[in-house]
>>> print(open('run_9.cif').read())   # mmCIF, C-alpha atoms and all ligand atoms
data_entry
#
loop_
_atom_site.group_PDB
_atom_site.id
_atom_site.type_symbol
_atom_site.label_atom_id
_atom_site.label_comp_id
_atom_site.auth_asym_id
_atom_site.auth_seq_id
_atom_site.Cartn_x
_atom_site.Cartn_y
_atom_site.Cartn_z
ATOM 1 C CA GLY A 369 -24.759 -7.663 18.833
ATOM 2 C CA THR A 370 -21.182 -6.501 18.206
ATOM 3 C CA LEU A 371 -22.367 -3.839 15.753
ATOM 4 C CA ALA A 372 -24.480 -0.877 16.858
ATOM 5 C CA GLU A 373 -26.623 -1.454 13.777
ATOM 6 C CA ARG A 374 -26.573 -4.004 10.988
ATOM 7 C CA THR A 375 -25.517 -1.371 8.466
ATOM 8 C CA VAL A 376 -22.464 -0.732 6.307
ATOM 9 C CA GLU A 377 -21.732 2.413 8.350
ATOM 10 C CA SER A 378 -21.650 0.464 11.604
ATOM 11 C CA LEU A 379 -19.513 -2.195 10.013
ATOM 12 C CA ALA A 380 -17.094 0.447 8.669
ATOM 13 C CA LYS A 381 -16.701 1.833 12.210
ATOM 14 C CA TYR A 382 -15.977 -1.674 13.477
ATOM 15 C CA ILE A 383 -13.307 -2.161 10.792
ATOM 16 C CA THR A 384 -11.597 1.212 11.249
ATOM 17 C CA ASN A 385 -11.854 1.691 15.039
ATOM 18 C CA GLY A 386 -8.101 1.323 15.448
ATOM 19 C CA LYS A 387 -7.974 -2.221 16.739
ATOM 20 C CA PRO A 388 -6.410 -4.444 14.063
ATOM 21 C CA LYS A 389 -8.898 -6.801 12.485
ATOM 22 C CA LYS A 390 -8.490 -10.201 10.880
ATOM 23 C CA ILE A 391 -10.713 -10.425 7.855
ATOM 24 C CA VAL A 392 -11.513 -13.609 5.978
ATOM 25 C CA VAL A 393 -12.937 -13.191 2.466
ATOM 26 C CA MET A 394 -14.856 -15.965 0.683
ATOM 27 C CA THR A 395 -15.673 -15.618 -2.982
ATOM 28 C CA GLY A 396 -17.164 -17.284 -6.034
ATOM 29 C CA ALA A 397 -17.829 -16.690 -9.685
ATOM 30 C CA GLY A 398 -20.005 -13.593 -9.060
ATOM 31 C CA ILE A 399 -16.915 -11.447 -8.331
ATOM 32 C CA SER A 400 -15.637 -12.059 -11.868
ATOM 33 C CA THR A 401 -18.823 -11.629 -13.930
ATOM 34 C CA SER A 402 -18.128 -7.920 -14.459
ATOM 35 C CA ALA A 403 -14.742 -8.959 -15.915
ATOM 36 C CA GLY A 404 -16.663 -10.855 -18.599
ATOM 37 C CA ILE A 405 -16.459 -14.388 -17.136
ATOM 38 C CA PRO A 406 -19.878 -16.023 -16.724
ATOM 39 C CA ASP A 407 -20.859 -17.485 -13.344
ATOM 40 C CA PHE A 408 -22.370 -20.970 -13.103
ATOM 41 C CA ARG A 409 -25.912 -20.706 -11.788
ATOM 42 C CA SER A 410 -27.368 -17.336 -12.802
ATOM 43 C CA PRO A 411 -30.561 -18.200 -14.711
ATOM 44 C CA ASP A 412 -29.856 -16.815 -18.221
ATOM 45 C CA THR A 413 -26.213 -15.766 -18.231
ATOM 46 C CA GLY A 414 -24.709 -18.611 -16.137
ATOM 47 C CA LEU A 415 -22.510 -21.287 -17.665
ATOM 48 C CA TYR A 416 -24.842 -24.144 -16.750
ATOM 49 C CA ALA A 417 -27.761 -22.503 -18.589
ATOM 50 C CA ASN A 418 -25.659 -22.153 -21.741
ATOM 51 C CA LEU A 419 -24.126 -25.565 -22.225
ATOM 52 C CA ALA A 420 -26.810 -27.056 -24.520
ATOM 53 C CA ARG A 421 -24.376 -26.838 -27.433
ATOM 54 C CA LEU A 422 -22.031 -29.266 -25.659
ATOM 55 C CA ASN A 423 -24.645 -32.088 -25.593
ATOM 56 C CA LEU A 424 -24.044 -32.955 -21.960
ATOM 57 C CA PRO A 425 -26.235 -35.408 -20.030
ATOM 58 C CA TYR A 426 -26.524 -32.702 -17.307
ATOM 59 C CA ALA A 427 -24.756 -29.350 -16.994
ATOM 60 C CA GLU A 428 -22.352 -30.168 -14.151
ATOM 61 C CA ALA A 429 -21.030 -33.118 -16.192
ATOM 62 C CA VAL A 430 -18.590 -30.717 -17.860
ATOM 63 C CA PHE A 431 -16.742 -30.599 -14.506
ATOM 64 C CA ASP A 432 -17.331 -34.215 -13.478
ATOM 65 C CA ILE A 433 -14.275 -36.472 -13.318
ATOM 66 C CA SER A 434 -16.009 -39.703 -14.415
ATOM 67 C CA TYR A 435 -17.688 -37.934 -17.323
ATOM 68 C CA PHE A 436 -14.362 -36.331 -18.296
ATOM 69 C CA ARG A 437 -12.736 -39.779 -18.503
ATOM 70 C CA GLN A 438 -15.295 -40.851 -21.098
ATOM 71 C CA ASN A 439 -15.593 -37.560 -22.923
ATOM 72 C CA PRO A 440 -13.033 -34.806 -22.290
ATOM 73 C CA GLU A 441 -14.151 -32.741 -25.285
ATOM 74 C CA PRO A 442 -16.852 -30.574 -23.660
ATOM 75 C CA PHE A 443 -14.415 -29.512 -20.940
ATOM 76 C CA TYR A 444 -11.719 -28.591 -23.476
ATOM 77 C CA THR A 445 -14.243 -26.636 -25.533
ATOM 78 C CA LEU A 446 -15.046 -24.633 -22.430
ATOM 79 C CA ALA A 447 -11.379 -24.326 -21.398
ATOM 80 C CA HIS A 448 -10.760 -22.612 -24.731
ATOM 81 C CA GLU A 449 -13.208 -19.869 -23.654
ATOM 82 C CA LEU A 450 -12.291 -19.651 -19.976
ATOM 83 C CA TYR A 451 -8.499 -19.945 -20.122
ATOM 84 C CA PRO A 452 -6.939 -17.144 -18.041
ATOM 85 C CA GLY A 453 -5.056 -14.297 -19.647
ATOM 86 C CA LYS A 454 -7.785 -12.422 -21.451
ATOM 87 C CA PHE A 455 -9.583 -10.977 -18.442
ATOM 88 C CA ARG A 456 -8.866 -7.962 -16.217
ATOM 89 C CA PRO A 457 -9.490 -8.015 -12.441
ATOM 90 C CA THR A 458 -12.587 -6.214 -11.157
ATOM 91 C CA ILE A 459 -12.641 -3.525 -8.491
ATOM 92 C CA THR A 460 -13.849 -6.256 -6.125
ATOM 93 C CA HIS A 461 -10.525 -8.084 -6.650
ATOM 94 C CA SER A 462 -8.713 -4.794 -5.962
ATOM 95 C CA PHE A 463 -10.733 -4.395 -2.760
ATOM 96 C CA ILE A 464 -9.315 -7.711 -1.511
ATOM 97 C CA ARG A 465 -5.832 -6.399 -2.351
ATOM 98 C CA LEU A 466 -6.618 -3.209 -0.441
ATOM 99 C CA LEU A 467 -7.556 -5.229 2.653
ATOM 100 C CA HIS A 468 -4.163 -6.929 2.351
ATOM 101 C CA GLU A 469 -2.311 -3.590 1.967
ATOM 102 C CA LYS A 470 -4.003 -2.397 5.156
ATOM 103 C CA GLY A 471 -2.814 -5.491 7.005
ATOM 104 C CA LEU A 472 -6.383 -6.722 7.501
ATOM 105 C CA LEU A 473 -6.563 -9.752 5.245
ATOM 106 C CA LEU A 474 -6.201 -13.046 7.093
ATOM 107 C CA MET A 475 -7.076 -15.170 4.050
ATOM 108 C CA HIS A 476 -8.941 -15.093 0.765
ATOM 109 C CA PHE A 477 -10.787 -18.357 0.143
ATOM 110 C CA THR A 478 -11.922 -18.537 -3.465
ATOM 111 C CA GLN A 479 -13.749 -21.092 -5.569
ATOM 112 C CA ASN A 480 -12.599 -19.308 -8.709
ATOM 113 C CA ILE A 481 -10.071 -20.708 -11.138
ATOM 114 C CA ASP A 482 -9.428 -17.464 -13.017
ATOM 115 C CA CYS A 483 -6.431 -16.242 -10.927
ATOM 116 C CA LEU A 484 -7.767 -12.658 -11.072
ATOM 117 C CA ASP A 485 -7.031 -12.144 -7.360
ATOM 118 C CA ARG A 486 -3.327 -12.792 -8.004
ATOM 119 C CA GLU A 487 -3.447 -10.500 -10.982
ATOM 120 C CA ALA A 488 -4.946 -7.780 -8.789
ATOM 121 C CA GLY A 489 -1.911 -8.125 -6.500
ATOM 122 C CA VAL A 490 -3.176 -10.328 -3.673
ATOM 123 C CA PRO A 491 -0.096 -12.382 -2.659
ATOM 124 C CA GLY A 492 -0.248 -16.140 -3.202
ATOM 125 C CA ASP A 493 0.176 -16.943 0.500
ATOM 126 C CA LYS A 494 -3.072 -15.055 1.243
ATOM 127 C CA ILE A 495 -5.095 -17.096 -1.260
ATOM 128 C CA VAL A 496 -6.648 -20.534 -0.877
ATOM 129 C CA GLU A 497 -7.786 -21.725 -4.292
ATOM 130 C CA ALA A 498 -10.316 -24.193 -2.939
ATOM 131 C CA HIS A 499 -11.268 -25.519 -6.372
ATOM 132 C CA GLY A 500 -7.754 -25.406 -7.802
ATOM 133 C CA SER A 501 -6.742 -23.320 -10.803
ATOM 134 C CA PHE A 502 -5.348 -23.364 -14.311
ATOM 135 C CA ALA A 503 -1.863 -22.798 -12.854
ATOM 136 C CA ARG A 504 -0.839 -26.494 -13.110
ATOM 137 C CA GLN A 505 -1.950 -29.559 -15.051
ATOM 138 C CA SER A 506 -1.255 -33.260 -14.779
ATOM 139 C CA CYS A 507 -2.177 -36.721 -16.048
ATOM 140 C CA ILE A 508 -5.365 -38.085 -14.430
ATOM 141 C CA ASP A 509 -3.875 -41.617 -14.463
ATOM 142 C CA CYS A 510 -0.206 -41.378 -13.457
ATOM 143 C CA SER A 511 -0.347 -37.835 -11.952
ATOM 144 C CA ARG A 512 2.782 -36.725 -13.819
ATOM 145 C CA PRO A 513 2.869 -32.951 -14.325
ATOM 146 C CA TYR A 514 2.388 -31.699 -17.872
ATOM 147 C CA PRO A 515 4.070 -28.548 -19.279
ATOM 148 C CA GLN A 516 2.009 -25.346 -19.176
ATOM 149 C CA ASP A 517 2.964 -24.200 -22.695
ATOM 150 C CA GLU A 518 1.966 -27.572 -24.161
ATOM 151 C CA LEU A 519 -1.399 -27.410 -22.408
ATOM 152 C CA LYS A 520 -1.919 -23.869 -23.683
ATOM 153 C CA ARG A 521 -1.128 -25.002 -27.220
ATOM 154 C CA HIS A 522 -3.793 -27.710 -26.997
ATOM 155 C CA VAL A 523 -6.353 -25.363 -25.470
ATOM 156 C CA ASP A 524 -5.742 -22.838 -28.264
ATOM 157 C CA ALA A 525 -6.038 -25.552 -30.903
ATOM 158 C CA LYS A 526 -9.084 -27.136 -29.184
ATOM 159 C CA SER A 527 -7.269 -30.488 -29.119
ATOM 160 C CA ILE A 528 -7.013 -32.914 -26.204
ATOM 161 C CA PRO A 529 -3.647 -33.251 -24.437
ATOM 162 C CA ARG A 530 -2.388 -36.726 -23.491
ATOM 163 C CA CYS A 531 0.348 -37.718 -21.065
ATOM 164 C CA ASP A 532 3.735 -38.258 -22.769
ATOM 165 C CA HIS A 533 4.456 -41.115 -20.406
ATOM 166 C CA CYS A 534 1.257 -43.231 -20.163
ATOM 167 C CA LYS A 535 -1.060 -41.586 -22.734
ATOM 168 C CA GLY A 536 -3.607 -40.840 -20.001
ATOM 169 C CA LEU A 537 -5.765 -37.731 -20.232
ATOM 170 C CA VAL A 538 -4.211 -34.490 -19.057
ATOM 171 C CA LYS A 539 -6.377 -32.132 -17.008
ATOM 172 C CA PRO A 540 -5.720 -28.706 -15.470
ATOM 173 C CA GLU A 541 -5.638 -29.025 -11.682
ATOM 174 C CA ILE A 542 -9.128 -27.627 -11.308
ATOM 175 C CA VAL A 543 -11.191 -29.571 -8.781
ATOM 176 C CA PHE A 544 -13.895 -31.535 -10.577
ATOM 177 C CA PHE A 545 -17.002 -33.036 -8.990
ATOM 178 C CA GLY A 546 -15.838 -36.383 -7.628
ATOM 179 C CA GLU A 547 -12.364 -35.093 -6.746
ATOM 180 C CA GLN A 548 -10.808 -34.137 -3.423
ATOM 181 C CA LEU A 549 -10.158 -30.461 -2.676
ATOM 182 C CA PRO A 550 -6.468 -29.455 -2.472
ATOM 183 C CA ALA A 551 -4.555 -30.037 0.758
ATOM 184 C CA GLU A 552 -4.200 -26.262 1.278
ATOM 185 C CA PHE A 553 -7.972 -26.051 1.727
ATOM 186 C CA PHE A 554 -7.954 -28.581 4.568
ATOM 187 C CA LYS A 555 -4.853 -26.983 6.079
ATOM 188 C CA ASN A 556 -6.535 -23.573 6.253
ATOM 189 C CA LYS A 557 -10.221 -24.267 6.663
ATOM 190 C CA TRP A 558 -10.165 -23.574 10.411
ATOM 191 C CA LEU A 559 -9.007 -19.957 9.811
ATOM 192 C CA PRO A 560 -12.562 -18.539 9.673
ATOM 193 C CA SER A 561 -12.859 -19.402 13.372
ATOM 194 C CA GLN A 562 -10.034 -16.889 14.027
ATOM 195 C CA ALA A 563 -11.631 -14.091 12.020
ATOM 196 C CA ASP A 564 -13.002 -10.814 13.394
ATOM 197 C CA LEU A 565 -15.021 -10.340 10.225
ATOM 198 C CA CYS A 566 -16.028 -12.498 7.309
ATOM 199 C CA ILE A 567 -16.946 -11.084 3.901
ATOM 200 C CA VAL A 568 -18.771 -13.397 1.478
ATOM 201 C CA MET A 569 -19.069 -12.186 -2.123
ATOM 202 C CA GLY A 570 -20.356 -13.499 -5.430
ATOM 203 C CA THR A 571 -21.129 -17.082 -4.496
ATOM 204 C CA SER A 572 -24.326 -19.107 -4.293
ATOM 205 C CA LEU A 573 -22.723 -21.161 -1.461
ATOM 206 C CA THR A 574 -24.133 -24.355 -2.959
ATOM 207 C CA VAL A 575 -20.995 -26.472 -3.302
ATOM 208 C CA HIS A 576 -19.608 -28.213 -0.212
ATOM 209 C CA PRO A 577 -17.315 -28.241 1.682
ATOM 210 C CA PHE A 578 -16.610 -24.604 0.683
ATOM 211 C CA ALA A 579 -20.199 -23.620 1.463
ATOM 212 C CA SER A 580 -19.723 -24.450 5.136
ATOM 213 C CA LEU A 581 -16.841 -21.966 5.704
ATOM 214 C CA PRO A 582 -19.074 -19.023 6.780
ATOM 215 C CA SER A 583 -20.643 -21.173 9.500
ATOM 216 C CA MET A 584 -17.201 -21.552 11.144
ATOM 217 C CA VAL A 585 -17.071 -17.849 12.011
ATOM 218 C CA ARG A 586 -17.498 -17.365 15.747
ATOM 219 C CA GLU A 587 -20.536 -15.829 17.383
ATOM 220 C CA HIS A 588 -20.460 -12.024 17.680
ATOM 221 C CA ARG A 589 -18.068 -11.786 14.739
ATOM 222 C CA PRO A 590 -19.820 -9.893 11.938
ATOM 223 C CA ARG A 591 -20.461 -11.509 8.575
ATOM 224 C CA LEU A 592 -21.039 -9.354 5.513
ATOM 225 C CA LEU A 593 -22.715 -10.717 2.387
ATOM 226 C CA ILE A 594 -22.234 -8.770 -0.851
ATOM 227 C CA ASN A 595 -24.236 -10.656 -3.456
ATOM 228 C CA LYS A 596 -27.136 -10.326 -5.864
ATOM 229 C CA GLU A 597 -29.218 -12.715 -3.784
ATOM 230 C CA ARG A 598 -29.337 -13.920 -0.188
ATOM 231 C CA VAL A 599 -27.404 -17.172 0.252
ATOM 232 C CA GLY A 600 -26.255 -19.576 2.938
ATOM 233 C CA GLY A 601 -28.580 -18.231 5.593
ATOM 234 C CA ILE A 602 -26.392 -15.134 6.004
ATOM 235 C CA GLY A 603 -28.503 -12.226 7.192
ATOM 236 C CA SER A 604 -30.250 -13.909 10.074
ATOM 237 C CA GLY A 605 -27.453 -13.579 12.649
ATOM 238 C CA PRO A 606 -27.383 -10.566 15.020
ATOM 239 C CA ASP A 607 -24.133 -9.357 13.422
ATOM 240 C CA ASP A 608 -24.857 -10.209 9.792
ATOM 241 C CA VAL A 609 -24.905 -7.316 7.332
ATOM 242 C CA LEU A 610 -26.416 -7.592 3.863
ATOM 243 C CA LEU A 611 -25.409 -5.595 0.821
ATOM 244 C CA LEU A 612 -27.655 -7.102 -1.811
ATOM 245 C CA GLY A 613 -26.824 -6.192 -5.398
ATOM 246 C CA ASP A 614 -23.757 -5.935 -7.582
ATOM 247 C CA CYS A 615 -20.506 -6.679 -5.721
ATOM 248 C CA ASP A 616 -18.503 -3.907 -7.406
ATOM 249 C CA ALA A 617 -21.127 -1.419 -6.179
ATOM 250 C CA GLY A 618 -21.083 -3.111 -2.757
ATOM 251 C CA VAL A 619 -17.315 -2.888 -2.231
ATOM 252 C CA ARG A 620 -17.382 0.749 -3.346
ATOM 253 C CA LYS A 621 -20.054 1.444 -0.722
ATOM 254 C CA LEU A 622 -18.042 -0.277 2.014
ATOM 255 C CA ALA A 623 -14.794 1.411 0.918
ATOM 256 C CA ALA A 624 -16.538 4.804 0.936
ATOM 257 C CA ALA A 625 -17.880 4.196 4.458
ATOM 258 C CA CYS A 626 -14.321 3.327 5.578
ATOM 259 C CA GLY A 627 -12.916 6.430 3.864
ATOM 260 C CA TRP A 628 -10.942 4.327 1.379
ATOM 261 C CA LEU A 629 -12.791 4.932 -1.875
ATOM 262 C CA ASP A 630 -10.151 7.109 -3.622
ATOM 263 C CA GLU A 631 -7.429 4.685 -2.636
ATOM 264 C CA LEU A 632 -9.466 1.771 -3.965
ATOM 265 C CA GLU A 633 -10.241 3.469 -7.290
ATOM 266 C CA LYS A 634 -6.531 4.288 -7.715
ATOM 267 C CA LEU A 635 -5.464 0.755 -6.929
ATOM 268 C CA TRP A 636 -7.921 -0.594 -9.496
ATOM 269 C CA ALA A 637 -6.987 1.942 -12.200
ATOM 270 C CA LYS A 638 -3.292 0.935 -12.108
HETATM 271 P P1 LIG B 701 -22.591 -19.627 -8.782
HETATM 272 O O1 LIG B 701 -22.864 -19.334 -10.215
HETATM 273 O O2 LIG B 701 -23.216 -20.824 -8.192
HETATM 274 O O3 LIG B 701 -23.058 -18.388 -7.888
HETATM 275 C C1 LIG B 701 -22.709 -17.061 -8.229
HETATM 276 C C2 LIG B 701 -23.421 -16.114 -7.252
HETATM 277 O O4 LIG B 701 -22.981 -14.806 -7.505
HETATM 278 C C3 LIG B 701 -24.952 -16.127 -7.412
HETATM 279 O O5 LIG B 701 -25.533 -16.041 -6.133
HETATM 280 C C4 LIG B 701 -25.212 -14.831 -8.212
HETATM 281 O O6 LIG B 701 -26.464 -14.266 -7.935
HETATM 282 C C5 LIG B 701 -24.100 -13.947 -7.730
HETATM 283 N N1 LIG B 701 -23.634 -12.932 -8.689
HETATM 284 C C6 LIG B 701 -23.384 -13.052 -9.998
HETATM 285 N N2 LIG B 701 -22.907 -11.925 -10.528
HETATM 286 C C7 LIG B 701 -22.835 -11.034 -9.505
HETATM 287 C C8 LIG B 701 -22.418 -9.678 -9.380
HETATM 288 N N3 LIG B 701 -21.935 -8.988 -10.432
HETATM 289 N N4 LIG B 701 -22.495 -9.087 -8.173
HETATM 290 C C9 LIG B 701 -22.966 -9.771 -7.097
HETATM 291 N N5 LIG B 701 -23.366 -11.041 -7.139
HETATM 292 C C10 LIG B 701 -23.302 -11.677 -8.324
HETATM 293 O O7 LIG B 701 -21.012 -19.633 -8.615
HETATM 294 P P2 LIG B 701 -20.145 -20.231 -7.395
HETATM 295 O O8 LIG B 701 -20.837 -20.009 -6.105
HETATM 296 O O9 LIG B 701 -18.773 -19.726 -7.550
HETATM 297 O O10 LIG B 701 -17.229 -25.699 -8.892
HETATM 298 O O11 LIG B 701 -20.178 -21.782 -7.752
HETATM 299 C C11 LIG B 701 -19.548 -22.693 -6.891
HETATM 300 C C12 LIG B 701 -18.921 -23.825 -7.646
HETATM 301 O O12 LIG B 701 -19.896 -24.474 -8.485
HETATM 302 C C13 LIG B 701 -17.837 -23.434 -8.636
HETATM 303 O O13 LIG B 701 -16.572 -23.260 -8.026
HETATM 304 C C14 LIG B 701 -17.812 -24.588 -9.584
HETATM 305 C C15 LIG B 701 -19.293 -24.765 -9.765
HETATM 306 O O14 LIG B 701 -19.719 -26.008 -10.199
HETATM 307 C C16 LIG B 701 -16.763 -26.764 -9.545
HETATM 308 O O15 LIG B 701 -16.848 -26.871 -10.743
HETATM 309 C C17 LIG B 701 -16.163 -27.828 -8.674
#
>>> encode(input="run_9.cif", output="structure tokens", more="lines below")
Ligand code: OAD
Amino acid sequence: GTLAERTVESLAKYITNGKPKKIVVMTGAGISTSAGIPDFRSPDTGLYANLARLNLPYAEAVFDISYFRQNPEPFYTLAHELYPGKFRPTITHSFIRLLHEKGLLLMHFTQNIDCLDREAGVPGDKIVEAHGSFARQSCIDCSRPYPQDELKRHVDAKSIPRCDHCKGLVKPEIVFFGEQLPAEFFKNKWLPSQADLCIVMGTSLTVHPFASLPSMVREHRPRLLINKERVGGIGSGPDDVLLLGDCDAGVRKLAAACGWLDELEKLWAK
């Protein structure tokens, strides 16, 4: 293997040994749960376990484009709760920023739509929002963009926005099941093959094509999983390192091993 041992200490040595490293980070809802945003699939606290009140045929329907066409209400009920602005980045988001400050971040691939990485100071050109975000919205029929403040007004009022031009349904540019991922995903998806290290955090790696990104990392390039549970077969490779548990605790452990903990805490406290 590339690492002397499959431990955080060995990995920290690999990161800080003086040779510049290209790190690719891949994240999901688990990095934002400590900010107060539920993930999707955790048994009791996840969004899909708590949607009974929305009377959906199945939980994922709330993010399904054909279901949305027939009944946009459940999504807009949820949008009211999830709309960005009321949440603060976690120390895990700040850790991604720290990697950028140190010149180590090649790209952050995220499935999250909460924009907390941007808020933590990760620059937009280092982020691939694979499942879109609440940053833009448009008509699902004629694709015309719809103004952000108008959308916000509807979300606040729990009403359903319609296109001014064709009266089609307006939807934030979040990727729903049945929709294509954004072009920036396909433009950048080969980047993991250039990485010296891949860090996967807070995702169940169940939704494709995102879930296949870690498998693009080359042999003898370490992969670190910081997650409550083992996912995606990470842990079986000779250079895979597992930090099972809370991701905020995990990034603190890695930062400490690199000698960056004070810097990280300061960055997060700002
Ligand atoms: P999931 O809910 O599927 O997975 C979250 C993962 O994070 C699980 O493995 C949890 O155990 C773990 N987790 C939760 N809190 C954690 C914490 N504090 N520390 C460490 N680990 C934690 O969420 P995603 O993988 O993001 O897509 O889901 C992928 C996609 O499915 C979403 O982007 C969304 C959803 O349907 C669409 O809607 C298209």
>>> axis_aligned_box(input="run_9.cif", around="ligand LIG 701 (chain B)", padding_each_side="4 Å", output="lines of an AutoDock Vina configuration file")
center_x = -21.3
center_y = -18.4
center_z = -8.4
size_x = 18.3
size_y = 26.8
size_z = 12.6
>>> closest_atom_pairs(input="run_9.cif", of="chain A", to="ligand LIG 701 (chain B)", cutoff="8 Å", atoms="only C-alpha atoms and all ligand atoms", output="JSON lines")
{"residue": "A:Thr395", "atom": "CA", "partner": "B:LIG701", "partner_atom": "O9", "distance": 6.9}
{"residue": "A:Gly396", "atom": "CA", "partner": "B:LIG701", "partner_atom": "O9", "distance": 3.3}
{"residue": "A:Ala397", "atom": "CA", "partner": "B:LIG701", "partner_atom": "O9", "distance": 3.8}
{"residue": "A:Gly398", "atom": "CA", "partner": "B:LIG701", "partner_atom": "C6", "distance": 3.5}
{"residue": "A:Ile399", "atom": "CA", "partner": "B:LIG701", "partner_atom": "C8", "distance": 5.9}
{"residue": "A:Ser400", "atom": "CA", "partner": "B:LIG701", "partner_atom": "N3", "distance": 7.2}
{"residue": "A:Thr401", "atom": "CA", "partner": "B:LIG701", "partner_atom": "N2", "distance": 5.3}
{"residue": "A:Ser402", "atom": "CA", "partner": "B:LIG701", "partner_atom": "N3", "distance": 5.6}
{"residue": "A:Pro406", "atom": "CA", "partner": "B:LIG701", "partner_atom": "O1", "distance": 7.9}
{"residue": "A:Asp407", "atom": "CA", "partner": "B:LIG701", "partner_atom": "O1", "distance": 4.2}
{"residue": "A:Phe408", "atom": "CA", "partner": "B:LIG701", "partner_atom": "O1", "distance": 3.4}
{"residue": "A:Arg409", "atom": "CA", "partner": "B:LIG701", "partner_atom": "O1", "distance": 3.7}
{"residue": "A:Ser410", "atom": "CA", "partner": "B:LIG701", "partner_atom": "O1", "distance": 5.6}
{"residue": "A:Gly414", "atom": "CA", "partner": "B:LIG701", "partner_atom": "O1", "distance": 6.2}
{"residue": "A:Leu415", "atom": "CA", "partner": "B:LIG701", "partner_atom": "O1", "distance": 7.7}
{"residue": "A:Glu428", "atom": "CA", "partner": "B:LIG701", "partner_atom": "O14", "distance": 6.3}
{"residue": "A:Phe431", "atom": "CA", "partner": "B:LIG701", "partner_atom": "O15", "distance": 5.3}
{"residue": "A:Asp432", "atom": "CA", "partner": "B:LIG701", "partner_atom": "O15", "distance": 7.9}
{"residue": "A:Gln479", "atom": "CA", "partner": "B:LIG701", "partner_atom": "O13", "distance": 4.3}
{"residue": "A:Asn480", "atom": "CA", "partner": "B:LIG701", "partner_atom": "O13", "distance": 5.6}
{"residue": "A:Ile481", "atom": "CA", "partner": "B:LIG701", "partner_atom": "O13", "distance": 7.6}
{"residue": "A:His499", "atom": "CA", "partner": "B:LIG701", "partner_atom": "C17", "distance": 5.9}
{"residue": "A:Ile542", "atom": "CA", "partner": "B:LIG701", "partner_atom": "C17", "distance": 7.5}
{"residue": "A:Val543", "atom": "CA", "partner": "B:LIG701", "partner_atom": "C17", "distance": 5.3}
{"residue": "A:Phe544", "atom": "CA", "partner": "B:LIG701", "partner_atom": "C17", "distance": 4.7}
{"residue": "A:Phe545", "atom": "CA", "partner": "B:LIG701", "partner_atom": "C17", "distance": 5.3}
{"residue": "A:Met569", "atom": "CA", "partner": "B:LIG701", "partner_atom": "N5", "distance": 6.7}
{"residue": "A:Gly570", "atom": "CA", "partner": "B:LIG701", "partner_atom": "O4", "distance": 3.6}
{"residue": "A:Thr571", "atom": "CA", "partner": "B:LIG701", "partner_atom": "O8", "distance": 3.4}
{"residue": "A:Ser572", "atom": "CA", "partner": "B:LIG701", "partner_atom": "O5", "distance": 3.8}
{"residue": "A:Leu573", "atom": "CA", "partner": "B:LIG701", "partner_atom": "O8", "distance": 5.1}
{"residue": "A:Thr574", "atom": "CA", "partner": "B:LIG701", "partner_atom": "C11", "distance": 6.3}
{"residue": "A:Val575", "atom": "CA", "partner": "B:LIG701", "partner_atom": "C11", "distance": 5.4}
{"residue": "A:Ile594", "atom": "CA", "partner": "B:LIG701", "partner_atom": "C9", "distance": 6.4}
{"residue": "A:Asn595", "atom": "CA", "partner": "B:LIG701", "partner_atom": "N5", "distance": 3.8}
{"residue": "A:Lys596", "atom": "CA", "partner": "B:LIG701", "partner_atom": "N5", "distance": 4.0}
{"residue": "A:Glu597", "atom": "CA", "partner": "B:LIG701", "partner_atom": "O6", "distance": 5.2}
{"residue": "A:Arg598", "atom": "CA", "partner": "B:LIG701", "partner_atom": "O5", "distance": 7.4}
{"residue": "A:Val599", "atom": "CA", "partner": "B:LIG701", "partner_atom": "O5", "distance": 6.7}
{"residue": "A:Leu612", "atom": "CA", "partner": "B:LIG701", "partner_atom": "C9", "distance": 7.6}
{"residue": "A:Gly613", "atom": "CA", "partner": "B:LIG701", "partner_atom": "C9", "distance": 5.5}
{"residue": "A:Asp614", "atom": "CA", "partner": "B:LIG701", "partner_atom": "N4", "distance": 3.4}
{"residue": "A:Cys615", "atom": "CA", "partner": "B:LIG701", "partner_atom": "N4", "distance": 4.0}
{"residue": "A:Asp616", "atom": "CA", "partner": "B:LIG701", "partner_atom": "N4", "distance": 6.6}
>>> residues_around(input="run_9.cif", residues="A:Pro540", least_positions_apart="6", cutoff="9 Å", atoms="all atoms listed in the file", output="JSON, numbers by chain")
{"A": [500, 501, 502, 503, 504, 505, 506, 507, 514, 519]}
>>> resolve_selection(input="run_9.cif", expression="the PyMOL selection byres (((chain A and resi 631) around 12) and not hetatm)", output="NGL selection string")
:A and (459 or 462-463 or 465-467 or 469-470 or 620 or 623-624 or 626-630 or 632-638)
>>> write_last_selection(input="run_9.cif", atoms="C-alpha atoms", output="compact mmCIF listing (two decimals), in the frame of the given file")
# COMPACT_ATOMS: atom_id res chain seq x y z
CA ILE A 459 -12.64 -3.52 -8.49
CA SER A 462 -8.71 -4.79 -5.96
CA PHE A 463 -10.73 -4.39 -2.76
CA ARG A 465 -5.83 -6.40 -2.35
CA LEU A 466 -6.62 -3.21 -0.44
CA LEU A 467 -7.56 -5.23 2.65
CA GLU A 469 -2.31 -3.59 1.97
CA LYS A 470 -4.00 -2.40 5.16
CA ARG A 620 -17.38 0.75 -3.35
CA ALA A 623 -14.79 1.41 0.92
CA ALA A 624 -16.54 4.80 0.94
CA CYS A 626 -14.32 3.33 5.58
CA GLY A 627 -12.92 6.43 3.86
CA TRP A 628 -10.94 4.33 1.38
CA LEU A 629 -12.79 4.93 -1.88
CA ASP A 630 -10.15 7.11 -3.62
CA LEU A 632 -9.47 1.77 -3.96
CA GLU A 633 -10.24 3.47 -7.29
CA LYS A 634 -6.53 4.29 -7.72
CA LEU A 635 -5.46 0.76 -6.93
CA TRP A 636 -7.92 -0.59 -9.50
CA ALA A 637 -6.99 1.94 -12.20
CA LYS A 638 -3.29 0.94 -12.11
